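The structure appears right after this line, and notes come after that.
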Amino acid sequence: MKKRRLLFTLIITILSIMVTKAQRIYKNIPLPQAVNGVNEEFSGMTMYGGRLYLEPQYGDHKETKLDGPFNLYSILTDSIGRVIDGRDTALTVYKTIAVKKLDLLPDSVKANYEGFEAISIANNTVFLSIETDDKYPYCFILKGKLDTVKGEVTIDPEHFISLRRYPSISNAGFESVTYLPKENKLLAYYEFNAMPKGGCGYLVDTSFNKSPEQIKAPFLYFRLTDIAAAGDGKIYGVNYFWNGDYDAYLNNDWVKKPEADISKAIPELGGKLSADPGYLHNNPYAAIVMMDSRKSKQWKYVRSFDGIKNNWEGIALFQKGALIVTDANRSSKQVCRLVYVDF
C-alpha cells in the first residue's frame, strides 16, 4: 500500500514538473538589431492593419522627455508568423513612425511625464497612455492621427484624458489600455487591483468629448501590465510580478503578506510557497489571464511563462496565442525580448 502511495506521489510530482516546464516555454522572436537593445524599454504594443506596433516607454532620448523625438515601430505580422512557423529565424525589417507635436502638450502633462505605457489603435487614431510621477494623482491618455504613408502620428495636444489613479502605489499607472470595437470605447485598467473589492478602471469614449466612466476592475494579485481585447469580447492580460515589488504590491495598506491566499488562487505557486514560504521575496511570476468579457467579475489564469530577467509589459493577440514584449529598463539585469506564447 505504501509503495502504491509513493508511486502515485512520484507520478503526480513528475506530471507537475512537466506541466510547469511546458508553461514556461515560449517562442523567441528576435527583433531587428537596431531596436533590440535594453534602451528601447518596450512597454506596450498593439495590432493594426496587418502590422504589429511597438511602443517604447521613452525612446532613445529619455533625457529630453516630451520635448525630444519619440518613435514607434511597426513590423508586418506576416514576418512575425514566418518566424513563429520556423520559415525565418529573425525579424529584419521594420518601419519607424515619428510621433509629432508632443512638445506642444501643456505643462501639466510635461512636468509629470514618466514615460508611455500602453498603445491602442482604432480607425487610424492612435491612443497612447502616459504614466506620471507617483506624487501626481492623474495619468493621461493622448490621441493622434496615424498617417501610414508618411510614417507619422500627429498628436492632438489640446485634447487628452486624465485618469485619477487610486490607490497610490509605487510605480503604478494605467498601463493596460485596449479598444472595444462594439462599444467604440477604450478600456483602461490601473496596474494594482488587489484591494479587497478589486481595483479601478475606466471606459473612455474615443472622441474624448465625454468624461471617463469609472468602473470596477476584478481583483488580481500582482501587476496588470497590459490588456488586449479579442474579437469575441474576451479580455486577455499580462499578470506580472517582480520580487523587488514585494512590499509595494504584497505588503501594503490593502494587502498583507497574502501567501496563503495566493496559494489557493494560483495553484502552481501553492507548491512553491509550501516548499519555500519566502518564494515570492526572491522570484518573479508571469502569466496570461483572461476574462470572458469586460463585465466579468473574475480573471481566469490561462498559462504562466518565464519571468526571470523578463519584465513583461505588452501583449497583442496573434494566431492561437499572444505576442508578449519586455520593458528592459535600460538594465544589464534585463533583456529586450519579443516572444509568442500559445494557449
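Every chain in the C-alpha cells has a letter given in the order shown (A, B, ...), and although residue numbers restart at 1 in each chain, ligands are simply numbered from 1 in the order shown.
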
Considering only C-alpha atoms, tabulate each residue of segment 134-211 of chain A that lies at most 12 Å from segment 254-271 of chain A along with its nearest interatomic pair and the corresponding distance in Å to one decimal; arrange the rows by chain and ascending residue number and present them as CSV.
residue,atom,partner,partner_atom,distance
A:Tyr166,CA,A:Trp254,CA,11.8
A:Pro167,CA,A:Trp254,CA,9.3
A:Ser168,CA,A:Trp254,CA,11.0
A:Ile169,CA,A:Trp254,CA,10.5
A:Phe192,CA,A:Trp254,CA,10.5
A:Asn193,CA,A:Trp254,CA,9.9
A:Ala194,CA,A:Val255,CA,7.0
A:Met195,CA,A:Trp254,CA,5.5
A:Pro196,CA,A:Trp254,CA,7.0
A:Lys197,CA,A:Trp254,CA,10.2
A:Gly198,CA,A:Trp254,CA,10.4
A:Gly199,CA,A:Trp254,CA,10.9

Residue subset to file, keeping N, CA and C atoms, as a PDB file, in the first residue's frame:
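Contents of part_29.pdb, freshly written:
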ATOM      1  N   TYR A 166      -5.852  55.346  -8.251  1.00  0.00           N
ATOM      2  CA  TYR A 166      -6.182  55.003  -6.868  1.00  0.00           C
ATOM      3  C   TYR A 166      -6.096  53.490  -6.710  1.00  0.00           C
ATOM      4  N   PRO A 167      -5.432  53.037  -5.648  1.00  0.00           N
ATOM      5  CA  PRO A 167      -4.720  53.811  -4.635  1.00  0.00           C
ATOM      6  C   PRO A 167      -3.340  54.234  -5.120  1.00  0.00           C
ATOM      7  N   SER A 168      -2.622  54.955  -4.273  1.00  0.00           N
ATOM      8  CA  SER A 168      -1.271  55.372  -4.623  1.00  0.00           C
ATOM      9  C   SER A 168      -0.310  54.230  -4.334  1.00  0.00           C
ATOM     10  N   ILE A 169       0.201  53.628  -5.411  1.00  0.00           N
ATOM     11  CA  ILE A 169       1.144  52.510  -5.312  1.00  0.00           C
ATOM     12  C   ILE A 169       2.405  52.898  -6.070  1.00  0.00           C
ATOM     13  N   PHE A 192      -2.497  48.204 -10.202  1.00  0.00           N
ATOM     14  CA  PHE A 192      -2.699  47.488  -8.937  1.00  0.00           C
ATOM     15  C   PHE A 192      -4.199  47.282  -8.723  1.00  0.00           C
ATOM     16  N   ASN A 193      -4.611  46.007  -8.547  1.00  0.00           N
ATOM     17  CA  ASN A 193      -6.032  45.691  -8.409  1.00  0.00           C
ATOM     18  C   ASN A 193      -6.306  44.697  -7.282  1.00  0.00           C
ATOM     19  N   ALA A 194      -5.443  44.689  -6.263  1.00  0.00           N
ATOM     20  CA  ALA A 194      -5.588  43.718  -5.171  1.00  0.00           C
ATOM     21  C   ALA A 194      -6.217  44.335  -3.928  1.00  0.00           C
ATOM     22  N   MET A 195      -6.989  45.402  -4.088  1.00  0.00           N
ATOM     23  CA  MET A 195      -7.785  45.897  -2.973  1.00  0.00           C
ATOM     24  C   MET A 195      -8.887  44.876  -2.697  1.00  0.00           C
ATOM     25  N   PRO A 196      -9.440  44.834  -1.489  1.00  0.00           N
ATOM     26  CA  PRO A 196     -10.411  43.786  -1.142  1.00  0.00           C
ATOM     27  C   PRO A 196     -11.564  43.628  -2.130  1.00  0.00           C
ATOM     28  N   LYS A 197     -12.031  44.717  -2.712  1.00  0.00           N
ATOM     29  CA  LYS A 197     -13.138  44.637  -3.671  1.00  0.00           C
ATOM     30  C   LYS A 197     -12.675  44.868  -5.104  1.00  0.00           C
ATOM     31  N   GLY A 198     -11.390  44.693  -5.346  1.00  0.00           N
ATOM     32  CA  GLY A 198     -10.870  44.887  -6.691  1.00  0.00           C
ATOM     33  C   GLY A 198     -10.355  46.293  -6.899  1.00  0.00           C
ATOM     34  N   GLY A 199      -9.962  46.580  -8.122  1.00  0.00           N
ATOM     35  CA  GLY A 199      -9.305  47.840  -8.423  1.00  0.00           C
ATOM     36  C   GLY A 199     -10.150  48.814  -9.212  1.00  0.00           C
TER      37      GLY A 199
END

Task: Residue neighbourhood segment 232-238 of chain A, 7 Å, only C-alpha atoms, exclusion window fewer than 2 positions, as an NGL selection string - done: :A and (224-230 or 240 or 287-294 or 315)

Using only C-alpha atoms, what table do you get, as CSV, when you list each residue of segment 103-127 of chain A with an atom no more than 12 Å from segment 26-42 of chain A, its nearest pair of atoms, and their distance in Å rounded to one decimal, rows by chain then rising number?
residue,atom,partner,partner_atom,distance
A:Gly115,CA,A:Glu41,CA,9.9
A:Phe116,CA,A:Phe42,CA,9.2
A:Glu117,CA,A:Phe42,CA,8.4
A:Ala118,CA,A:Phe42,CA,9.5
A:Ile119,CA,A:Phe42,CA,10.8

Could those residues be written to a file, using N, CA, C and O atoms, as a short mmCIF file (atom, residue, chain, number, x, y, z; two decimals), in the first residue's frame?
data_model
loop_
_atom_site.label_atom_id
_atom_site.label_comp_id
_atom_site.auth_asym_id
_atom_site.auth_seq_id
_atom_site.Cartn_x
_atom_site.Cartn_y
_atom_site.Cartn_z
N GLY A 115 6.91 58.57 -18.89
CA GLY A 115 7.01 57.58 -19.95
C GLY A 115 5.67 57.08 -20.45
O GLY A 115 4.64 57.23 -19.80
N PHE A 116 5.69 56.48 -21.65
CA PHE A 116 4.50 55.87 -22.24
C PHE A 116 4.37 54.43 -21.77
O PHE A 116 5.36 53.73 -21.59
N GLU A 117 3.12 53.97 -21.61
CA GLU A 117 2.92 52.64 -21.05
C GLU A 117 1.99 51.74 -21.86
O GLU A 117 2.02 50.53 -21.70
N ALA A 118 1.13 52.29 -22.70
CA ALA A 118 0.20 51.44 -23.46
C ALA A 118 -0.14 52.12 -24.78
O ALA A 118 -0.08 53.35 -24.90
N ILE A 119 -0.50 51.31 -25.77
CA ILE A 119 -0.88 51.82 -27.08
C ILE A 119 -2.07 51.03 -27.60
O ILE A 119 -2.16 49.81 -27.41
#

Open item on the list: I want to know what sits within 9 Å of Lys185 of chain A, based on only C-alpha atoms, with residues of the same chain fewer than 4 positions away left out; could you give that as JSON, numbers by chain?
Closed with: {"A": [178, 179, 180, 181, 203, 204, 205, 206, 207]}

- [ ] Go through segment 11-144 of chain A and collect every residue that DSSP, computed from the backbone, puts in alpha helix (DSSP H); the answer should be as a VMD selection string.
- [x] chain A and resid 11 to 24 77 to 84 107 to 110

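Using only C-alpha atoms, the shortest contact distance between Phe127 of chain A and any of A:Trp312, A:Tyr202, A:Phe219, A:Phe160 is found at A:Phe160.
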
- [ ] Check segment 18-248 of chain A with DSSP on the backbone and list each residue it calls strand (DSSP E or B), as a VMD selection string.
- [x] chain A and resid 27 to 28 42 to 48 51 to 56 71 to 76 95 to 100 113 to 122 125 to 132 138 to 147 152 to 155 161 to 164 176 to 180 185 to 189 192 to 193 199 to 205 213 to 217 220 to 229 235 to 241

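Using only C-alpha atoms, the smallest distance between any of A:Phe305, A:Asn310, A:Pro277, A:Asp133 and Asn329 of chain A comes from A:Asn310.
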
Open item on the list: From the options A:Ala188, A:Ala90, A:Ile308, A:Ile84, which residue's atoms come nearest to Ala328 of chain A, counting only C-alpha atoms?
Closed with: A:Ile308

Open item on the list: I'd like the contact shell of segment 104-106 of chain A - 9 Å cut-off, only C-alpha atoms, skipping same-chain residues fewer than 2 positions apart - returned as number ranges by chain.
Closed with: A: 66-67, 101-102, 108-111, 155-158

How would the residues just picked look written out with C-alpha atoms as a short mmCIF file (atom, residue, chain, number, x, y, z; two decimals), in the first residue's frame?
data_model
loop_
_atom_site.label_atom_id
_atom_site.label_comp_id
_atom_site.auth_asym_id
_atom_site.auth_seq_id
_atom_site.Cartn_x
_atom_site.Cartn_y
_atom_site.Cartn_z
CA LEU A 66 8.30 65.11 -24.36
CA ASP A 67 10.38 67.87 -25.94
CA LYS A 101 3.56 67.57 -31.54
CA LEU A 102 4.33 66.01 -28.17
CA SER A 108 0.60 69.79 -16.56
CA VAL A 109 1.37 66.78 -18.76
CA LYS A 110 5.01 67.51 -19.48
CA ALA A 111 6.02 68.26 -15.89
CA ILE A 155 -0.79 64.16 -31.59
CA ASP A 156 -3.72 66.43 -30.69
CA PRO A 157 -2.05 68.43 -27.89
CA GLU A 158 -5.26 70.19 -26.80
#

Which neighbours of Asp134 of chain A fall inside 10 Å, counting only C-alpha atoms, when residues of the same chain fewer than 6 positions from it are skipped, and could you give them as a compact mmCIF listing (two decimals) with all heavy atoms, in the first residue's frame?
# COMPACT_ATOMS: atom_id res chain seq x y z
N ASN A 112 4.90 66.16 -15.33
CA ASN A 112 4.70 64.94 -14.54
C ASN A 112 4.94 63.66 -15.35
O ASN A 112 4.77 62.56 -14.83
CB ASN A 112 3.29 64.93 -13.96
CG ASN A 112 3.07 66.05 -12.98
OD1 ASN A 112 3.59 66.02 -11.88
ND2 ASN A 112 2.30 67.06 -13.38
N GLU A 114 6.25 60.42 -16.99
CA GLU A 114 7.20 59.37 -16.61
C GLU A 114 7.23 58.25 -17.64
O GLU A 114 7.50 57.10 -17.32
CB GLU A 114 6.84 58.80 -15.24
CG GLU A 114 7.12 59.73 -14.07
CD GLU A 114 8.60 59.94 -13.81
OE1 GLU A 114 9.39 59.11 -14.28
OE2 GLU A 114 8.95 60.94 -13.16
N ARG A 165 -5.59 58.04 -10.52
CA ARG A 165 -5.07 56.78 -10.01
C ARG A 165 -5.50 56.60 -8.55
O ARG A 165 -5.53 57.54 -7.76
CB ARG A 165 -3.54 56.71 -10.11
CG ARG A 165 -2.82 57.89 -9.48
CD ARG A 165 -1.42 57.52 -9.04
NE ARG A 165 -0.54 57.04 -10.07
CZ ARG A 165 0.38 57.77 -10.69
NH1 ARG A 165 0.50 59.05 -10.41
NH2 ARG A 165 1.19 57.23 -11.58
N SER A 168 -2.62 54.96 -4.27
CA SER A 168 -1.27 55.37 -4.62
C SER A 168 -0.31 54.23 -4.33
O SER A 168 -0.08 53.87 -3.19
CB SER A 168 -0.87 56.61 -3.81
OG SER A 168 0.45 56.99 -4.13
N ILE A 169 0.20 53.63 -5.41
CA ILE A 169 1.14 52.51 -5.31
C ILE A 169 2.40 52.90 -6.07
O ILE A 169 2.33 53.50 -7.14
CB ILE A 169 0.55 51.23 -5.92
CG1 ILE A 169 -0.68 50.78 -5.15
CG2 ILE A 169 1.58 50.10 -5.98
CD1 ILE A 169 -0.40 50.26 -3.76
N SER A 170 3.56 52.57 -5.53
CA SER A 170 4.82 52.93 -6.16
C SER A 170 4.89 52.42 -7.60
O SER A 170 4.63 51.24 -7.87
CB SER A 170 5.99 52.34 -5.36
OG SER A 170 7.22 52.57 -6.00
N ASN A 171 5.20 53.32 -8.52
CA ASN A 171 5.42 52.97 -9.93
C ASN A 171 4.21 52.27 -10.55
O ASN A 171 4.35 51.31 -11.30
CB ASN A 171 6.67 52.09 -10.06
CG ASN A 171 7.11 51.94 -11.51
OD1 ASN A 171 6.93 52.84 -12.32
ND2 ASN A 171 7.66 50.79 -11.84
N ALA A 172 3.02 52.75 -10.24
CA ALA A 172 1.80 52.16 -10.81
C ALA A 172 1.01 53.23 -11.56
O ALA A 172 0.83 54.34 -11.07
CB ALA A 172 0.93 51.56 -9.71
N GLY A 173 0.55 52.87 -12.74
CA GLY A 173 -0.27 53.77 -13.54
C GLY A 173 -1.30 52.98 -14.32
O GLY A 173 -1.57 51.81 -14.02

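The spacing separating atom CA of Arg164 of chain A from atom CA of Phe208 of chain A amounts to 15.6 Å.
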
Near-segment 69-73 of chain A list (6 Å; only C-alpha atoms; drop same-chain fewer than 6 positions) as an mmCIF file with N, CA, C and O atoms, in the first residue's frame:
data_model
loop_
_atom_site.group_PDB
_atom_site.id
_atom_site.type_symbol
_atom_site.label_atom_id
_atom_site.label_comp_id
_atom_site.auth_asym_id
_atom_site.auth_seq_id
_atom_site.Cartn_x
_atom_site.Cartn_y
_atom_site.Cartn_z
ATOM 1 N N TYR A 53 2.498 47.101 -33.836
ATOM 2 C CA TYR A 53 3.076 48.386 -33.448
ATOM 3 C C TYR A 53 3.686 48.266 -32.052
ATOM 4 O O TYR A 53 3.009 47.872 -31.109
ATOM 5 N N LEU A 54 4.962 48.612 -31.947
ATOM 6 C CA LEU A 54 5.701 48.537 -30.691
ATOM 7 C C LEU A 54 5.913 49.942 -30.132
ATOM 8 O O LEU A 54 6.328 50.855 -30.861
ATOM 9 N N GLU A 55 5.669 50.086 -28.838
ATOM 10 C CA GLU A 55 5.788 51.387 -28.172
ATOM 11 C C GLU A 55 6.877 51.342 -27.104
ATOM 12 O O GLU A 55 6.748 50.659 -26.100
ATOM 13 N N GLY A 59 11.762 55.930 -25.622
ATOM 14 C CA GLY A 59 12.515 56.131 -26.845
ATOM 15 C C GLY A 59 13.989 56.303 -26.516
ATOM 16 O O GLY A 59 14.418 56.185 -25.370
ATOM 17 N N LYS A 95 9.413 49.417 -39.693
ATOM 18 C CA LYS A 95 9.192 50.819 -40.051
ATOM 19 C C LYS A 95 9.228 51.681 -38.797
ATOM 20 O O LYS A 95 8.779 51.255 -37.731
ATOM 21 N N THR A 96 9.751 52.876 -38.935
ATOM 22 C CA THR A 96 9.771 53.844 -37.846
ATOM 23 C C THR A 96 8.643 54.847 -38.043
ATOM 24 O O THR A 96 8.464 55.378 -39.144
ATOM 25 N N ILE A 97 7.868 55.086 -36.996
ATOM 26 C CA ILE A 97 6.758 56.040 -37.048
ATOM 27 C C ILE A 97 7.061 57.172 -36.076
ATOM 28 O O ILE A 97 7.106 56.962 -34.852
ATOM 29 N N ALA A 98 7.295 58.358 -36.610
ATOM 30 C CA ALA A 98 7.605 59.515 -35.776
ATOM 31 C C ALA A 98 6.330 60.069 -35.144
ATOM 32 O O ALA A 98 5.317 60.252 -35.830
ATOM 33 N N VAL A 99 6.384 60.325 -33.851
ATOM 34 C CA VAL A 99 5.235 60.898 -33.140
ATOM 35 C C VAL A 99 5.470 62.397 -32.999
ATOM 36 O O VAL A 99 6.434 62.836 -32.352
#

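Going from atom CA of Gly244 of chain A over to atom CA of Ser43 of chain A, you cover 18.4 Å.
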